[in-house]
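The file coords-v2.cif comes next; it holds mmCIF, C-alpha atoms and all ligand atoms.
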```cif
data_final
loop_
_atom_site.group_PDB
_atom_site.id
_atom_site.type_symbol
_atom_site.label_atom_id
_atom_site.label_comp_id
_atom_site.auth_asym_id
_atom_site.auth_seq_id
_atom_site.Cartn_x
_atom_site.Cartn_y
_atom_site.Cartn_z
ATOM 1 C CA MET A 6 0.000 0.000 0.000
ATOM 2 C CA ASP A 7 1.126 3.557 -0.697
ATOM 3 C CA ILE A 8 0.457 6.538 1.530
ATOM 4 C CA THR A 9 0.782 9.866 -0.270
ATOM 5 C CA PHE A 10 0.771 13.119 1.667
ATOM 6 C CA LEU A 11 -1.073 15.272 -0.871
ATOM 7 C CA GLY A 12 -0.847 18.348 1.353
ATOM 8 C CA THR A 13 0.705 19.007 4.765
ATOM 9 C CA GLY A 14 -0.242 22.600 5.574
ATOM 10 C CA GLY A 15 -2.720 24.361 7.846
ATOM 11 C CA ALA A 16 -6.094 25.828 6.895
ATOM 12 C CA TRP A 17 -4.737 28.589 4.618
ATOM 13 C CA GLY A 18 -1.602 26.780 3.439
ATOM 14 C CA VAL A 19 1.943 28.099 3.847
ATOM 15 C CA PRO A 20 3.469 30.412 2.801
ATOM 16 C CA GLU A 21 0.194 32.149 3.491
ATOM 17 C CA LEU A 22 -1.416 34.743 1.244
ATOM 18 C CA ASN A 23 -0.546 38.265 2.393
ATOM 19 C CA CYS A 24 1.863 37.069 5.091
ATOM 20 C CA ASP A 25 5.348 38.480 5.348
ATOM 21 C CA CYS A 26 6.489 36.697 8.515
ATOM 22 C CA LEU A 27 9.953 35.145 8.690
ATOM 23 C CA ILE A 28 8.547 31.635 8.172
ATOM 24 C CA CYS A 29 6.675 32.579 4.989
ATOM 25 C CA ARG A 30 9.663 34.596 3.722
ATOM 26 C CA GLU A 31 12.030 31.682 4.224
ATOM 27 C CA MET A 32 9.642 29.223 2.559
ATOM 28 C CA ARG A 33 9.260 31.522 -0.463
ATOM 29 C CA ARG A 34 13.048 31.860 -0.630
ATOM 30 C CA GLN A 35 13.435 28.054 -0.640
ATOM 31 C CA GLY A 36 10.533 27.530 -3.048
ATOM 32 C CA GLU A 37 8.746 25.451 -0.418
ATOM 33 C CA LYS A 38 5.020 25.243 0.155
ATOM 34 C CA ARG A 39 2.494 23.229 2.101
ATOM 35 C CA GLU A 40 -0.950 22.889 0.589
ATOM 36 C CA ARG A 41 -4.022 22.065 2.650
ATOM 37 C CA THR A 42 -3.668 18.737 4.457
ATOM 38 C CA SER A 43 -4.974 15.670 2.642
ATOM 39 C CA LEU A 44 -3.882 12.039 2.461
ATOM 40 C CA LEU A 45 -4.223 9.371 -0.202
ATOM 41 C CA LEU A 46 -4.106 5.642 0.575
ATOM 42 C CA THR A 47 -3.608 3.494 -2.495
ATOM 43 C CA ASN A 48 -3.958 -0.254 -2.536
ATOM 44 C CA LYS A 49 -6.436 -2.121 -4.751
ATOM 45 C CA THR A 50 -8.759 0.595 -3.486
ATOM 46 C CA THR A 51 -7.923 4.312 -3.597
ATOM 47 C CA LEU A 52 -9.037 6.181 -0.508
ATOM 48 C CA LEU A 53 -8.848 9.959 -0.121
ATOM 49 C CA ILE A 54 -8.858 11.514 3.358
ATOM 50 C CA ASP A 55 -10.194 15.059 3.197
ATOM 51 C CA CYS A 56 -10.715 17.072 0.062
ATOM 52 C CA GLY A 57 -9.733 20.701 0.558
ATOM 53 C CA PRO A 58 -9.299 23.699 -1.739
ATOM 54 C CA ASP A 59 -6.080 22.281 -3.253
ATOM 55 C CA ALA A 60 -7.670 18.975 -4.324
ATOM 56 C CA ARG A 61 -7.480 19.764 -8.051
ATOM 57 C CA SER A 62 -3.728 20.329 -8.150
ATOM 58 C CA GLN A 63 -3.016 17.577 -5.617
ATOM 59 C CA LEU A 64 -4.959 14.905 -7.511
ATOM 60 C CA SER A 65 -3.729 15.990 -10.930
ATOM 61 C CA ARG A 66 -0.020 16.127 -10.103
ATOM 62 C CA ASN A 67 -0.277 12.709 -8.456
ATOM 63 C CA LYS A 68 -2.181 11.402 -11.523
ATOM 64 C CA VAL A 69 -5.043 9.972 -9.477
ATOM 65 C CA ASP A 70 -7.358 8.534 -12.147
ATOM 66 C CA ALA A 71 -10.034 7.047 -9.865
ATOM 67 C CA ILE A 72 -11.197 7.489 -6.269
ATOM 68 C CA ASP A 73 -13.124 4.703 -4.543
ATOM 69 C CA GLY A 74 -14.024 6.576 -1.380
ATOM 70 C CA VAL A 75 -13.516 9.856 0.471
ATOM 71 C CA LEU A 76 -13.314 10.133 4.260
ATOM 72 C CA ILE A 77 -14.103 13.613 5.602
ATOM 73 C CA THR A 78 -12.759 14.389 9.071
ATOM 74 C CA HIS A 79 -14.811 17.511 9.783
ATOM 75 C CA GLU A 80 -16.806 20.415 8.428
ATOM 76 C CA HIS A 81 -14.043 23.031 8.110
ATOM 77 C CA SER A 82 -13.495 24.381 4.629
ATOM 78 C CA ASP A 83 -9.865 23.237 4.358
ATOM 79 C CA HIS A 84 -11.101 19.640 4.702
ATOM 80 C CA TYR A 85 -14.061 19.518 2.289
ATOM 81 C CA ILE A 86 -14.418 22.566 0.037
ATOM 82 C CA GLY A 87 -12.737 20.717 -2.870
ATOM 83 C CA LEU A 88 -15.539 18.148 -3.199
ATOM 84 C CA ASP A 89 -16.784 19.787 -6.410
ATOM 85 C CA GLU A 90 -13.466 18.823 -8.054
ATOM 86 C CA LEU A 91 -14.701 15.220 -7.976
ATOM 87 C CA PHE A 92 -17.041 16.193 -10.806
ATOM 88 C CA ALA A 93 -14.054 15.657 -13.124
ATOM 89 C CA TYR A 94 -14.153 11.915 -12.424
ATOM 90 C CA LYS A 95 -17.734 11.781 -13.690
ATOM 91 C CA ARG A 96 -17.225 14.148 -16.634
ATOM 92 C CA ASN A 97 -14.130 12.458 -17.985
ATOM 93 C CA GLY A 98 -15.053 8.778 -17.793
ATOM 94 C CA PRO A 99 -16.708 6.877 -20.649
ATOM 95 C CA ARG A 100 -20.453 7.640 -20.910
ATOM 96 C CA GLY A 101 -22.534 5.504 -18.553
ATOM 97 C CA SER A 102 -19.533 4.077 -16.685
ATOM 98 C CA PHE A 103 -19.455 6.309 -13.611
ATOM 99 C CA ASN A 104 -20.652 5.329 -10.165
ATOM 100 C CA PRO A 105 -21.065 8.107 -7.575
ATOM 101 C CA ILE A 106 -18.005 8.363 -5.328
ATOM 102 C CA PRO A 107 -18.847 7.284 -1.761
ATOM 103 C CA VAL A 108 -18.180 10.051 0.774
ATOM 104 C CA TYR A 109 -18.092 9.036 4.445
ATOM 105 C CA LEU A 110 -18.766 11.618 7.140
ATOM 106 C CA THR A 111 -20.621 12.090 10.412
ATOM 107 C CA SER A 112 -24.193 13.432 10.505
ATOM 108 C CA LYS A 113 -23.024 16.635 12.167
ATOM 109 C CA SER A 114 -20.441 17.264 9.454
ATOM 110 C CA HIS A 115 -23.017 16.397 6.800
ATOM 111 C CA GLU A 116 -25.474 19.001 8.158
ATOM 112 C CA VAL A 117 -22.945 21.707 7.332
ATOM 113 C CA ILE A 118 -21.449 20.284 4.131
ATOM 114 C CA ASN A 119 -24.869 19.458 2.672
ATOM 115 C CA LYS A 120 -25.820 23.161 2.637
ATOM 116 C CA ARG A 121 -23.076 23.741 0.094
ATOM 117 C CA PHE A 122 -22.883 20.482 -1.837
ATOM 118 C CA ASP A 123 -26.347 18.895 -1.914
ATOM 119 C CA TYR A 124 -26.244 19.255 -5.729
ATOM 120 C CA LEU A 125 -23.302 16.840 -5.894
ATOM 121 C CA GLU A 126 -25.587 14.225 -4.354
ATOM 122 C CA ASP A 127 -28.515 15.154 -6.640
ATOM 123 C CA MET A 128 -26.270 14.922 -9.706
ATOM 124 C CA GLU A 129 -24.832 11.615 -8.506
ATOM 125 C CA VAL A 130 -21.246 12.778 -8.359
ATOM 126 C CA ILE A 131 -21.009 11.654 -4.735
ATOM 127 C CA ARG A 132 -23.061 9.369 -2.514
ATOM 128 C CA ILE A 133 -23.143 10.166 1.192
ATOM 129 C CA TYR A 134 -22.633 7.507 3.851
ATOM 130 C CA ARG A 135 -23.164 8.716 7.405
ATOM 131 C CA ILE A 136 -20.697 7.223 9.819
ATOM 132 C CA GLU A 137 -20.613 7.106 13.615
ATOM 133 C CA PRO A 138 -17.723 7.141 16.037
ATOM 134 C CA ASP A 139 -16.777 3.673 17.290
ATOM 135 C CA ARG A 140 -18.579 1.855 14.475
ATOM 136 C CA TRP A 141 -16.450 0.049 11.867
ATOM 137 C CA PHE A 142 -17.188 0.306 8.159
ATOM 138 C CA SER A 143 -15.301 -0.849 5.102
ATOM 139 C CA VAL A 144 -14.255 0.708 1.816
ATOM 140 C CA GLY A 145 -12.938 -2.053 -0.421
ATOM 141 C CA GLU A 146 -10.212 -3.847 1.529
ATOM 142 C CA PHE A 147 -9.839 -0.977 4.036
ATOM 143 C CA GLU A 148 -11.513 -1.404 7.419
ATOM 144 C CA VAL A 149 -12.177 1.978 9.022
ATOM 145 C CA LEU A 150 -13.080 2.916 12.598
ATOM 146 C CA PRO A 151 -13.959 6.591 13.168
ATOM 147 C CA PHE A 152 -13.283 7.972 16.649
ATOM 148 C CA ASP A 153 -14.388 11.210 18.297
ATOM 149 C CA THR A 154 -11.937 14.097 18.294
ATOM 150 C CA PHE A 155 -12.516 17.415 20.022
ATOM 151 C CA HIS A 156 -11.824 20.350 17.702
ATOM 152 C CA GLY A 157 -13.934 23.119 19.211
ATOM 153 C CA PRO A 158 -17.581 24.233 18.929
ATOM 154 C CA PHE A 159 -17.412 24.893 15.169
ATOM 155 C CA ALA A 160 -16.405 21.343 14.280
ATOM 156 C CA LYS A 161 -19.075 19.312 16.046
ATOM 157 C CA GLY A 162 -18.725 16.374 13.652
ATOM 158 C CA SER A 163 -14.961 16.017 13.987
ATOM 159 C CA VAL A 164 -13.521 12.491 13.874
ATOM 160 C CA GLY A 165 -10.207 10.765 13.317
ATOM 161 C CA PHE A 166 -9.839 7.381 11.625
ATOM 162 C CA ILE A 167 -8.214 4.066 12.427
ATOM 163 C CA ILE A 168 -7.578 2.317 9.129
ATOM 164 C CA LYS A 169 -6.685 -1.360 8.850
ATOM 165 C CA CYS A 170 -5.451 -3.153 5.781
ATOM 166 C CA LYS A 171 -2.649 -5.469 4.631
ATOM 167 C CA ASP A 172 0.905 -4.374 3.911
ATOM 168 C CA VAL A 173 2.935 -5.583 0.893
ATOM 169 C CA SER A 174 3.771 -8.865 2.638
ATOM 170 C CA GLY A 175 0.103 -9.518 3.500
ATOM 171 C CA LYS A 176 0.459 -8.644 7.192
ATOM 172 C CA ASP A 177 -2.183 -6.549 8.977
ATOM 173 C CA VAL A 178 -1.188 -2.931 9.234
ATOM 174 C CA GLN A 179 -2.913 -0.143 11.129
ATOM 175 C CA VAL A 180 -2.766 3.586 10.388
ATOM 176 C CA VAL A 181 -4.189 6.198 12.776
ATOM 177 C CA TYR A 182 -5.170 9.548 11.274
ATOM 178 C CA THR A 183 -6.036 12.042 14.001
ATOM 179 C CA SER A 184 -7.029 15.096 11.925
ATOM 180 C CA ASP A 185 -7.468 18.546 13.556
ATOM 181 C CA PHE A 186 -7.951 18.170 17.290
ATOM 182 C CA SER A 187 -6.990 19.286 20.759
ATOM 183 C CA GLU A 188 -8.377 16.272 22.673
ATOM 184 C CA ILE A 189 -9.526 12.702 22.054
ATOM 185 C CA PRO A 190 -12.500 12.389 24.441
ATOM 186 C CA GLY A 191 -12.987 8.602 24.618
ATOM 187 C CA PRO A 192 -10.134 6.885 22.842
ATOM 188 C CA PRO A 193 -11.104 3.367 21.649
ATOM 189 C CA SER A 194 -8.686 0.576 22.568
ATOM 190 C CA GLU A 195 -7.846 0.137 18.861
ATOM 191 C CA LEU A 196 -6.187 3.564 18.915
ATOM 192 C CA PHE A 197 -3.159 2.334 20.814
ATOM 193 C CA ASN A 198 -0.003 0.834 19.299
ATOM 194 C CA PRO A 199 -0.804 1.557 15.655
ATOM 195 C CA ASP A 200 1.893 0.885 13.073
ATOM 196 C CA TYR A 201 1.680 4.437 11.754
ATOM 197 C CA LEU A 202 0.352 7.633 13.290
ATOM 198 C CA VAL A 203 -0.476 10.796 11.346
ATOM 199 C CA ILE A 204 -0.867 13.735 13.722
ATOM 200 C CA GLN A 205 -0.981 17.486 13.338
ATOM 201 C CA ALA A 206 1.701 19.915 14.481
ATOM 202 C CA PHE A 207 0.044 23.238 13.768
ATOM 203 C CA TRP A 208 2.636 25.033 15.912
ATOM 204 C CA LEU A 209 5.931 23.872 17.337
ATOM 205 C CA ASN A 210 5.049 25.269 20.774
ATOM 206 C CA GLU A 211 1.712 25.075 22.552
ATOM 207 C CA PRO A 212 0.310 28.638 22.640
ATOM 208 C CA VAL A 213 -0.952 30.468 25.719
ATOM 209 C CA ASN A 214 -4.376 30.502 24.115
ATOM 210 C CA ASN A 215 -5.273 27.476 21.964
ATOM 211 C CA ARG A 216 -8.505 28.969 20.674
ATOM 212 C CA PRO A 217 -8.552 27.104 17.356
ATOM 213 C CA ASN A 218 -8.296 23.778 19.226
ATOM 214 C CA HIS A 219 -5.334 22.512 17.242
ATOM 215 C CA MET A 220 -2.418 20.290 18.185
ATOM 216 C CA SER A 221 1.083 21.654 18.657
ATOM 217 C CA PHE A 222 4.163 19.451 18.272
ATOM 218 C CA GLN A 223 4.820 20.103 21.973
ATOM 219 C CA ARG A 224 1.528 18.414 22.917
ATOM 220 C CA ALA A 225 1.711 15.884 20.086
ATOM 221 C CA ILE A 226 4.703 14.387 21.918
ATOM 222 C CA ASP A 227 2.339 13.423 24.766
ATOM 223 C CA PHE A 228 0.022 11.718 22.279
ATOM 224 C CA ILE A 229 2.931 9.912 20.617
ATOM 225 C CA GLU A 230 3.997 8.640 24.042
ATOM 226 C CA LEU A 231 0.412 7.654 24.862
ATOM 227 C CA LEU A 232 -0.404 5.923 21.571
ATOM 228 C CA LYS A 233 3.069 4.382 21.059
ATOM 229 C CA PRO A 234 3.163 4.017 17.288
ATOM 230 C CA ARG A 235 5.290 1.006 16.375
ATOM 231 C CA LYS A 236 6.873 2.130 13.132
ATOM 232 C CA GLU A 237 6.594 5.801 12.278
ATOM 233 C CA THR A 238 4.772 9.027 13.092
ATOM 234 C CA PHE A 239 4.122 11.718 10.496
ATOM 235 C CA LEU A 240 3.465 15.374 11.301
ATOM 236 C CA VAL A 241 0.993 17.266 9.099
ATOM 237 C CA HIS A 242 -1.258 20.395 9.075
ATOM 238 C CA ILE A 243 1.792 22.536 9.796
ATOM 239 C CA GLY A 244 1.296 26.302 10.010
ATOM 240 C CA ASP A 245 3.280 29.479 10.439
ATOM 241 C CA ALA A 246 1.733 30.875 13.630
ATOM 242 C CA ASP A 247 4.648 30.309 16.018
ATOM 243 C CA MET A 248 6.304 33.574 17.031
ATOM 244 C CA VAL A 249 9.887 33.678 15.780
ATOM 245 C CA PRO A 250 12.004 35.718 18.227
ATOM 246 C CA GLY A 251 12.834 39.107 16.737
ATOM 247 C CA ASP A 252 10.314 38.908 13.870
ATOM 248 C CA PRO A 253 8.479 42.248 13.460
ATOM 249 C CA ALA A 254 5.521 40.178 12.172
ATOM 250 C CA ASN A 255 4.989 38.761 15.657
ATOM 251 C CA ASN A 256 2.322 41.449 16.087
ATOM 252 C CA ILE A 257 0.034 40.004 13.428
ATOM 253 C CA LEU A 258 -3.194 38.464 14.639
ATOM 254 C CA LYS A 259 -2.430 34.795 14.001
ATOM 255 C CA LYS A 260 0.944 34.733 15.764
ATOM 256 C CA ALA A 261 0.596 32.779 18.991
ATOM 257 C CA GLU A 262 2.639 33.427 22.093
ATOM 258 C CA PRO A 263 4.097 30.181 23.477
ATOM 259 C CA LYS A 264 2.932 29.086 26.922
ATOM 260 C CA ASN A 265 6.133 27.364 27.948
ATOM 261 C CA PRO A 266 8.255 26.787 24.849
ATOM 262 C CA LEU A 267 9.913 23.431 24.257
ATOM 263 C CA ARG A 268 13.467 23.372 25.530
ATOM 264 C CA PRO A 269 16.022 20.637 26.126
ATOM 265 C CA PRO A 270 15.342 18.598 29.303
ATOM 266 C CA SER A 271 18.769 19.706 30.570
ATOM 267 C CA GLY A 272 17.593 23.342 30.377
ATOM 268 C CA GLY A 273 18.915 26.201 28.270
ATOM 269 C CA ASP A 274 17.334 28.188 25.493
ATOM 270 C CA PRO A 275 14.123 27.035 23.813
ATOM 271 C CA TYR A 276 14.547 25.115 20.556
ATOM 272 C CA PRO A 277 14.632 27.496 17.587
ATOM 273 C CA ILE A 278 11.357 27.876 15.681
ATOM 274 C CA PRO A 279 11.764 25.993 12.389
ATOM 275 C CA LEU A 280 11.383 28.183 9.310
ATOM 276 C CA ASN A 281 11.539 25.486 6.619
ATOM 277 C CA GLN A 282 11.260 21.732 6.092
ATOM 278 C CA ALA A 283 14.892 20.894 6.898
ATOM 279 C CA GLN A 284 14.783 22.939 10.103
ATOM 280 C CA TRP A 285 11.511 21.302 11.144
ATOM 281 C CA GLN A 286 12.993 17.829 10.781
ATOM 282 C CA LYS A 287 16.178 18.876 12.583
ATOM 283 C CA THR A 288 14.244 20.331 15.525
ATOM 284 C CA VAL A 289 11.969 17.295 15.767
ATOM 285 C CA ASP A 290 14.983 14.942 15.661
ATOM 286 C CA ARG A 291 16.674 16.933 18.440
ATOM 287 C CA VAL A 292 13.582 16.932 20.654
ATOM 288 C CA ILE A 293 13.066 13.181 20.201
ATOM 289 C CA SER A 294 16.707 12.330 20.839
ATOM 290 C CA ASP A 295 17.114 14.762 23.777
ATOM 291 C CA ARG A 296 14.232 12.919 25.455
ATOM 292 C CA ASN A 297 15.493 9.467 24.494
ATOM 293 C CA LEU A 298 12.161 8.610 22.913
ATOM 294 C CA PRO A 299 12.119 5.378 20.875
ATOM 295 C CA TYR A 300 9.971 6.818 18.088
ATOM 296 C CA LYS A 301 10.664 7.701 14.497
ATOM 297 C CA VAL A 302 8.970 11.030 13.761
ATOM 298 C CA THR A 303 8.952 12.359 10.208
ATOM 299 C CA VAL A 304 7.876 15.873 9.276
ATOM 300 C CA ALA A 305 5.754 15.085 6.223
ATOM 301 C CA TYR A 306 5.970 17.323 3.139
ATOM 302 C CA ASP A 307 3.724 17.659 0.093
ATOM 303 C CA ASP A 308 3.845 14.650 -2.266
ATOM 304 C CA LEU A 309 5.866 12.517 0.165
ATOM 305 C CA ARG A 310 4.961 8.931 -0.724
ATOM 306 C CA ILE A 311 5.764 5.930 1.409
ATOM 307 C CA LYS A 312 5.264 2.246 0.688
ATOM 308 C CA ILE A 313 4.081 0.060 3.512
HETATM 309 ZN ZN ZN B 401 -7.753 22.060 9.226
HETATM 310 ZN ZN ZN B 402 -10.355 22.253 11.461
#
```

Could you quickly redo this structure as structure tokens?
Ligand SMILES: [Zn+2]
Ligand SMILES: [Zn+2]
Amino acid sequence: MDITFLGTGGAWGVPELNCDCLICREMRRQGEKRERTSLLLTNKTTLLIDCGPDARSQLSRNKVDAIDGVLITHEHSDHYIGLDELFAYKRNGPRGSFNPIPVYLTSKSHEVINKRFDYLEDMEVIRIYRIEPDRWFSVGEFEVLPFDTFHGPFAKGSVGFIIKCKDVSGKDVQVVYTSDFSEIPGPPSELFNPDYLVIQAFWLNEPVNNRPNHMSFQRAIDFIELLKPRKETFLVHIGDADMVPGDPANNILKKAEPKNPLRPPSGGDPYPIPLNQAQWQKTVDRVISDRNLPYKVTVAYDDLRIKI
């Protein structure tokens, strides 16, 4: 099975439109970008997790010629507003050959998304399947268990997914996709010891005020230690809202003051705020090794593809 990280950025992508902070400047200088977070699992069945505003470019540059199912984590625009792009799969197949693409989401997410995209159901581009936390369903050979995630009052339908399938050698493999969240209210037992964990790191440091109910890398470490992924953890949904010391742009609205910034256990200065992909990976490697944690943590980047 292949996992492709179609996008690894926060809600507005990075570098962000109209942002001149040091992170966005450095990313522009390096020609780096992170589109809105979305994941593709490809086996016999092709499964898309979330379908944001960058879906068209993500699916076309990865030459995705068919989608067998779409899992939607929650009703925020960066996770579903690209659903209309799926029209292309109906328009460009041989006449009479198309079956509506199954879209799996909770009732609460559907209430919101339906206001915008009911015509996609009427025109049989998509077919909605309402899912419930803690109830397994299958999409082709993938077995999927949604679980409740807390992501604030404007994402009442928010869920993560536990996905089971076989790896290349035919062994069972389990991937946990946590989506946007600040808490997991009632974690099912299946959440623990996955082979792979995909978790957000919207900031490096937990902010004083976590109003958007996102996960920082600082807090993600606690979840990595709790869930104990066996093989590898991937960080996604990365933003640019950490304050970089000395940056005049620290006064812009989105910049979040750290509560108690990550620093080496032996003390000393906080870890530097990463400005680009290489610095992110270097900081994450340092934090993991300074704490002697037995986990492999990879900062995902757009179009990273791994075979499992
Ligand atoms: Zn998001
Ligand atoms: Zn969200």

Quick one: of A:Lys169, A:Arg100, A:Arg33, A:Arg121, who's nearest to A:Ile86, counting all atoms listed in the file?
->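 Nearest to A:Ile86: A:Arg121.
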
Would you name the residues within 6 Å of ligand ZN 401 (chain B), counting all atoms listed in the file, and put them as a ChimeraX atom specification?
-> /A:15-16,83,185

Which neighbours of A:Ile133 fall inside 10 Å, counting all atoms listed in the file, when residues of the same chain fewer than 4 positions from it are skipped, and could you give them as a PDB file with C-alpha atoms, in the coordinates of the input?
```
ATOM      1  CA  VAL A  75     -13.516   9.856   0.471  1.00  0.00           C
ATOM      2  CA  PRO A 105     -21.065   8.107  -7.575  1.00  0.00           C
ATOM      3  CA  ILE A 106     -18.005   8.363  -5.328  1.00  0.00           C
ATOM      4  CA  PRO A 107     -18.847   7.284  -1.761  1.00  0.00           C
ATOM      5  CA  VAL A 108     -18.180  10.051   0.774  1.00  0.00           C
ATOM      6  CA  TYR A 109     -18.092   9.036   4.445  1.00  0.00           C
ATOM      7  CA  LEU A 110     -18.766  11.618   7.140  1.00  0.00           C
ATOM      8  CA  THR A 111     -20.621  12.090  10.412  1.00  0.00           C
ATOM      9  CA  SER A 112     -24.193  13.432  10.505  1.00  0.00           C
ATOM     10  CA  HIS A 115     -23.017  16.397   6.800  1.00  0.00           C
ATOM     11  CA  ASN A 119     -24.869  19.458   2.672  1.00  0.00           C
ATOM     12  CA  ASP A 123     -26.347  18.895  -1.914  1.00  0.00           C
ATOM     13  CA  LEU A 125     -23.302  16.840  -5.894  1.00  0.00           C
ATOM     14  CA  GLU A 126     -25.587  14.225  -4.354  1.00  0.00           C
ATOM     15  CA  GLU A 129     -24.832  11.615  -8.506  1.00  0.00           C
TER      16      GLU A 129
END
```

Can I get the residues close to ligand ZN 402 (chain B) as a list in words, where close means within 10 Å and we count only C-alpha atoms and all ligand atoms?
-> Gly15, Ala16, Thr78, His79, Glu80, His81, Ser82, Asp83, His84, His156, Gly157, Phe159, Ala160, Ser163, Ser184, Asp185, Phe186, Pro217, Asn218, His219 and His242 of chain A

Evaluate the PyMOL selection byres (((chain A and resi 59-64) around 7) and not hetatm) here and jot the selected residues down as a short mmCIF file (atom, residue, chain, number, x, y, z; two decimals) with C-alpha atoms, in the frame of the given file.
```
data_model
loop_
_atom_site.label_atom_id
_atom_site.label_comp_id
_atom_site.auth_asym_id
_atom_site.auth_seq_id
_atom_site.Cartn_x
_atom_site.Cartn_y
_atom_site.Cartn_z
CA LEU A 11 -1.07 15.27 -0.87
CA GLU A 40 -0.95 22.89 0.59
CA ARG A 41 -4.02 22.06 2.65
CA CYS A 56 -10.72 17.07 0.06
CA GLY A 57 -9.73 20.70 0.56
CA PRO A 58 -9.30 23.70 -1.74
CA SER A 65 -3.73 15.99 -10.93
CA ARG A 66 -0.02 16.13 -10.10
CA ASN A 67 -0.28 12.71 -8.46
CA LYS A 68 -2.18 11.40 -11.52
CA VAL A 69 -5.04 9.97 -9.48
CA GLY A 87 -12.74 20.72 -2.87
CA GLU A 90 -13.47 18.82 -8.05
#
```

From A:Ile257, A:Glu211, A:Arg140, A:Ala305, residue lying nearest A:Ser43 [all atoms listed in the file] |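 Result for the nearest residue to A:Ser43: A:Ala305.
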
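The coordinates place atom CA of A:Asp295 at 6.4 Å from atom CA of A:Pro269.
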
Identify the residues around (-9.9, 15.3, 24.4) within a radius of 7 Å, measuring from only C-alpha atoms in the coordinates stated by the file, and give them as a list in words.
->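 Here is the list of nearby residues: Thr154, Phe155, Ser187, Glu188, Ile189 and Pro190 of chain A.
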
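From atom CA of A:Pro193 back to atom CA of A:Asp139, the distance works out to 7.2 Å.
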
Nearest-residue call for A:Ile278, choices A:Leu46, A:Leu209, A:Thr303, A:Phe222, using only C-alpha atoms |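 Using only C-alpha atoms, the shortest distance to A:Ile278 belongs to A:Leu209.
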
A:Asn255 environment, 12 Å, all atoms listed in the file, sequence neighbours closer than 6 positions dropped, as a ChimeraX atom specification = /A:24-28,245-249,261-263

Work out how far atom CA of A:Trp17 is from atom CA of A:Leu196, in Å to one decimal.
->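 Value for the atom CA of A:Leu196-atom CA of A:Trp17 distance: 28.9 Å.
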
List the residues matched by the PyMOL selection byres (((chain A and resi 293) around 12) and not hetatm) in the displayed structure as a list in words, ordered by chain and then by residue number.
->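 Applying the expression gives Phe222, Gln223, Ala225, Ile226, Asp227, Ile229, Glu230, Thr238, Leu267, Arg268, Pro269, Pro270, Gln286, Lys287, Thr288, Val289, Asp290, Arg291, Val292, Ser294, Asp295, Arg296, Asn297, Leu298, Pro299, Tyr300, Lys301, Val302 and Thr303 of chain A.
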
Excluding stretch 178-181 of chain A and residues on its chain fewer than 6 positions from it, collect all residues at most 6 Å away from it, counting only C-alpha atoms, and give them as number ranges by chain.
-> A: 166-172, 199-202

Looking at A:Ser271, A:Asn256, A:Gln35, A:Asn265, which one is nearest to A:Arg224, with distances taken over all atoms listed in the file?
->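 That would be A:Asn265, the residue with the smallest distance to A:Arg224.
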
Would you list the residues near (6.9, -0.5, 8.1) (no more than 8 Å away, in the coordinates of the file, using only C-alpha atoms) as number ranges by chain?
-> A: 200, 236-237, 313
